[in-house]
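Peer 1: Shown below is the structure under consideration.
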2 protein chains.
Amino acid sequence: MIAVQLEGGRVALRKRARPRRPPGFALIRPRLMGICNTDLELRRGYYGFSGTPGHEFVGEVVEADTPALIGKRVVGEINLACNACDWCRRGLGRHCPRRTVLGIVRHPGAMAELLTLPEVNLREVPKALPDEAAVFTEPLAAACEILDQTRIPRGAEVAVLGDGKLGLLVAQTLLAHGVGVFHAGRHAAKLAISKRAGAEVVAHARKLPRARFDWVVDATGSAAGLREAVSMTRPRGTLILKSTVHGAVELDTAPVIVHEITLVGSRCGRFEPALRLLRTGRVDVGALVSDRLPLEEAPRAFDRAAERGVLKVLLENGPR
Amino acid sequence: MIAVQLEGGRVALRKRARPRRPPGFALIRPRLMGICNTDLELRRGYYGFSGTPGHEFVGEVVEADTPALIGKRVVGEINLACNACDWCRRGLGRHCPRRTVLGIVRHPGAMAELLTLPEVNLREVPKALPDEAAVFTEPLAAACEILDQTRIPRGAEVAVLGDGKLGLLVAQTLLAHGVGVFHAGRHAAKLAISKRAGAEVVAHARKLPRARFDWVVDATGSAAGLREAVSMTRPRGTLILKSTVHGAVELDTAPVIVHEITLVGSRCGRFEPALRLLRTGRVDVGALVSDRLPLEEAPRAFDRAAERGVLKVLLENGPR
């Protein structure tokens, strides 16, 4: 089969043996895959990664231990947990210290003709949900995670910084949750998506409001963005770090301590709330798709995804 | 009257006019004052400070609008709030944006023969509590603030990093709250105070446990300490930033995001829980006193307070 391979900063296509399906696992043929900022980071060698990337997909089960699964359209939780440790017993396999992660940590990703995942990781996609929406389940789950970790009251006003894919999903998720959103970013065209959904948007702001918000989400992925986010947070407020990894940044802890700000690191989320939210149709993920290319054009698709102004680029695994 | 004056890195004694007492304010004669790490920072010019420092004191009311206050032994909340804004109405005058702060921000401090504070800031000291204990009300309130901001369950195990004055007060406060304390620091003699109170202590640890604690308090005041604290926090755990100001530090946000750690900035606290805790006698503040010098020897007292291994240095305002 064909698989995308990241190696030394390059995106290549390789012939690979059909993956072996261990007991408890399903063999899945992905139909659509999303390129995430993390994939672009992996291409740059982040995590010392080399291998097949891809953790956003919707696909069809080809083989499984459970016969009822075969032929089903599914999305898949990306953390492969041990199912035995404390974390797993508490339903937090996403933090299992022994986990591997689809397309990120020691488990080949979805950008291939076939992939494997444990059956327990799979969630069936409701019939009414097209592939083009279902492929956003994983990143939308990351946005929904904010509502699992915090108790943002309905009617609150939340500032979202950053108008990348994740920032846009976060803004819409919060709006659907019934809170007001003030969305600041650098691209009027991207922010228009949030504006249509009901957010107050500000592009290229010279000066953002200081100490105004009880809730702030930093989805900029930059040290400057994090600094800005701290300054926008009110005393005793909560700032959610919702980003592809920042790495080491200069953080001035003085305002964090003096204003007793709470910073909440936030990563992957449960798929169920994301699937429910997609079914309501209250999140316009279609507007986030910038391009759609066949799997064979993965190298070009990665370049396209890295262009300024581009949002989600999808890879398609056409019938062969 | 005599007042300590910080100016250009020096500690001087100056003659000053007796302070004017505005309406609603009390004139107080401090009996004992504590030198805090913040005072040492102020001496170094932090906050661009020059003036009379001192925000830890116990004293006697000399003049007040309320006759019943006169002659009373009191401690005083250090934030002078406007009592009109949203923060003040919510009982959080400690975050009032218009506040001044005793001995720190535009209000002369307690290291003088006399000081003024609003009557509403004063708390009467119970008779049973000696000056030597009452003078710790303010720093102990800062330790108690942790329990106001978080919900650490009784029986939990909390790691405390840093064995300075604040770290030692935090450890004892947590022990009194009924949680287990793992206290790591660099001075066996200081940690002995926590050990006597029931903590597990580790001095000069080469390798501290990684990802073991759901609750961690960083009271090191150093960037290296903060890094260590992050690495000791379990996924989904809470790390309380309880320090005299760090300033700008390199923080690797990657583990914070990946492990979904919550960082809570923590500063001053309410005086009531601290006074209650002092009355129980369950916090041994006496062990924290390294030295006691007359107000007139403030320059020497500051030098002493800055020496390695020294904990609290008290200044005494003797009868004149």
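FYI, nothing fancy with the structure tokens labels: chains A, B, ... in order, residues from 1 per chain, ligands from 1 as they appear.
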Write out as JSON lines the residues of chain B that have any atom within 7 Å of an atom of chain A, one row each with the nearest atom pair and its distance in Å to one decimal, counting only C-alpha atoms, sorted by chain and then rising number.

Peer 2:
```
{"residue": "B:His95", "atom": "CA", "partner": "A:Pro235", "partner_atom": "CA", "distance": 6.5}
{"residue": "B:Pro235", "atom": "CA", "partner": "A:His95", "partner_atom": "CA", "distance": 6.5}
{"residue": "B:Leu241", "atom": "CA", "partner": "A:Ile257", "partner_atom": "CA", "distance": 6.6}
{"residue": "B:Val245", "atom": "CA", "partner": "A:Ala254", "partner_atom": "CA", "distance": 5.3}
{"residue": "B:His246", "atom": "CA", "partner": "A:Thr253", "partner_atom": "CA", "distance": 5.8}
{"residue": "B:Gly247", "atom": "CA", "partner": "A:Ala254", "partner_atom": "CA", "distance": 5.1}
{"residue": "B:Ala248", "atom": "CA", "partner": "A:Asp252", "partner_atom": "CA", "distance": 3.8}
{"residue": "B:Val249", "atom": "CA", "partner": "A:Glu250", "partner_atom": "CA", "distance": 5.5}
{"residue": "B:Glu250", "atom": "CA", "partner": "A:Glu250", "partner_atom": "CA", "distance": 4.6}
{"residue": "B:Leu251", "atom": "CA", "partner": "A:Ala248", "partner_atom": "CA", "distance": 5.3}
{"residue": "B:Asp252", "atom": "CA", "partner": "A:Ala248", "partner_atom": "CA", "distance": 3.8}
{"residue": "B:Thr253", "atom": "CA", "partner": "A:Gly247", "partner_atom": "CA", "distance": 5.4}
{"residue": "B:Ala254", "atom": "CA", "partner": "A:Gly247", "partner_atom": "CA", "distance": 5.1}
{"residue": "B:Val256", "atom": "CA", "partner": "A:Gly265", "partner_atom": "CA", "distance": 5.2}
{"residue": "B:Ile257", "atom": "CA", "partner": "A:Gly265", "partner_atom": "CA", "distance": 4.0}
{"residue": "B:Val258", "atom": "CA", "partner": "A:Arg267", "partner_atom": "CA", "distance": 5.9}
{"residue": "B:His259", "atom": "CA", "partner": "A:His95", "partner_atom": "CA", "distance": 6.9}
{"residue": "B:Glu260", "atom": "CA", "partner": "A:Gly265", "partner_atom": "CA", "distance": 4.2}
{"residue": "B:Ile261", "atom": "CA", "partner": "A:Gly265", "partner_atom": "CA", "distance": 5.2}
{"residue": "B:Thr262", "atom": "CA", "partner": "A:Val264", "partner_atom": "CA", "distance": 4.3}
{"residue": "B:Leu263", "atom": "CA", "partner": "A:Leu263", "partner_atom": "CA", "distance": 4.9}
{"residue": "B:Val264", "atom": "CA", "partner": "A:Thr262", "partner_atom": "CA", "distance": 4.4}
{"residue": "B:Gly265", "atom": "CA", "partner": "A:Ile257", "partner_atom": "CA", "distance": 4.0}
{"residue": "B:Ser266", "atom": "CA", "partner": "A:Glu260", "partner_atom": "CA", "distance": 4.9}
{"residue": "B:Arg267", "atom": "CA", "partner": "A:Val258", "partner_atom": "CA", "distance": 5.9}
```

Peer 1: Set the distance at 12 Å and use only C-alpha atoms: which residues neighbour Glu272 of chain A once local chain neighbours fewer than 2 positions away are removed? I'd like the list as a VMD selection string.

Peer 2: chain A and resid 75 to 77 121 to 126 134 137 to 138 140 to 142 144 to 145 148 269 to 270 274 to 279

Peer 1: May I have all residues of segment 80-135 of chain B that DSSP, computed from the backbone, assigns to alpha helix (DSSP H), given as a count of residues only?

Peer 2: 8

Peer 1: Tell me, in Å to one decimal, how far atom CA of Ala197 of chain B is from atom CA of Val285 of chain B.

Peer 2: 11.2 Å

Peer 1: What parts of segment 5-248 of chain A does DSSP call strand (DSSP E)? I'd like the answer as a ChimeraX atom specification.

Peer 2: /A:5-7,10-15,25-35,56-63,73-76,79-80,100-102,106-107,115-118,122-124,157-161,180-185,200-203,213-218,233-242,248

Peer 1: Report the distance between atom CA of Leu169 of chain B and atom CA of Tyr47 of chain B in Å, rounded to one decimal place.

Peer 2: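 These two atoms are separated by 24.9 Å.
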
Peer 1: Fewer than 2 positions away in the same chain doesn't count, so skip those; otherwise give me all residues within 8 Å of Pro294 of chain A, counting only C-alpha atoms, as a list in words.

Peer 2: Arg292, Glu296, Glu297, Ala298, Leu315, Glu316, Asn317 and Gly318 of chain A
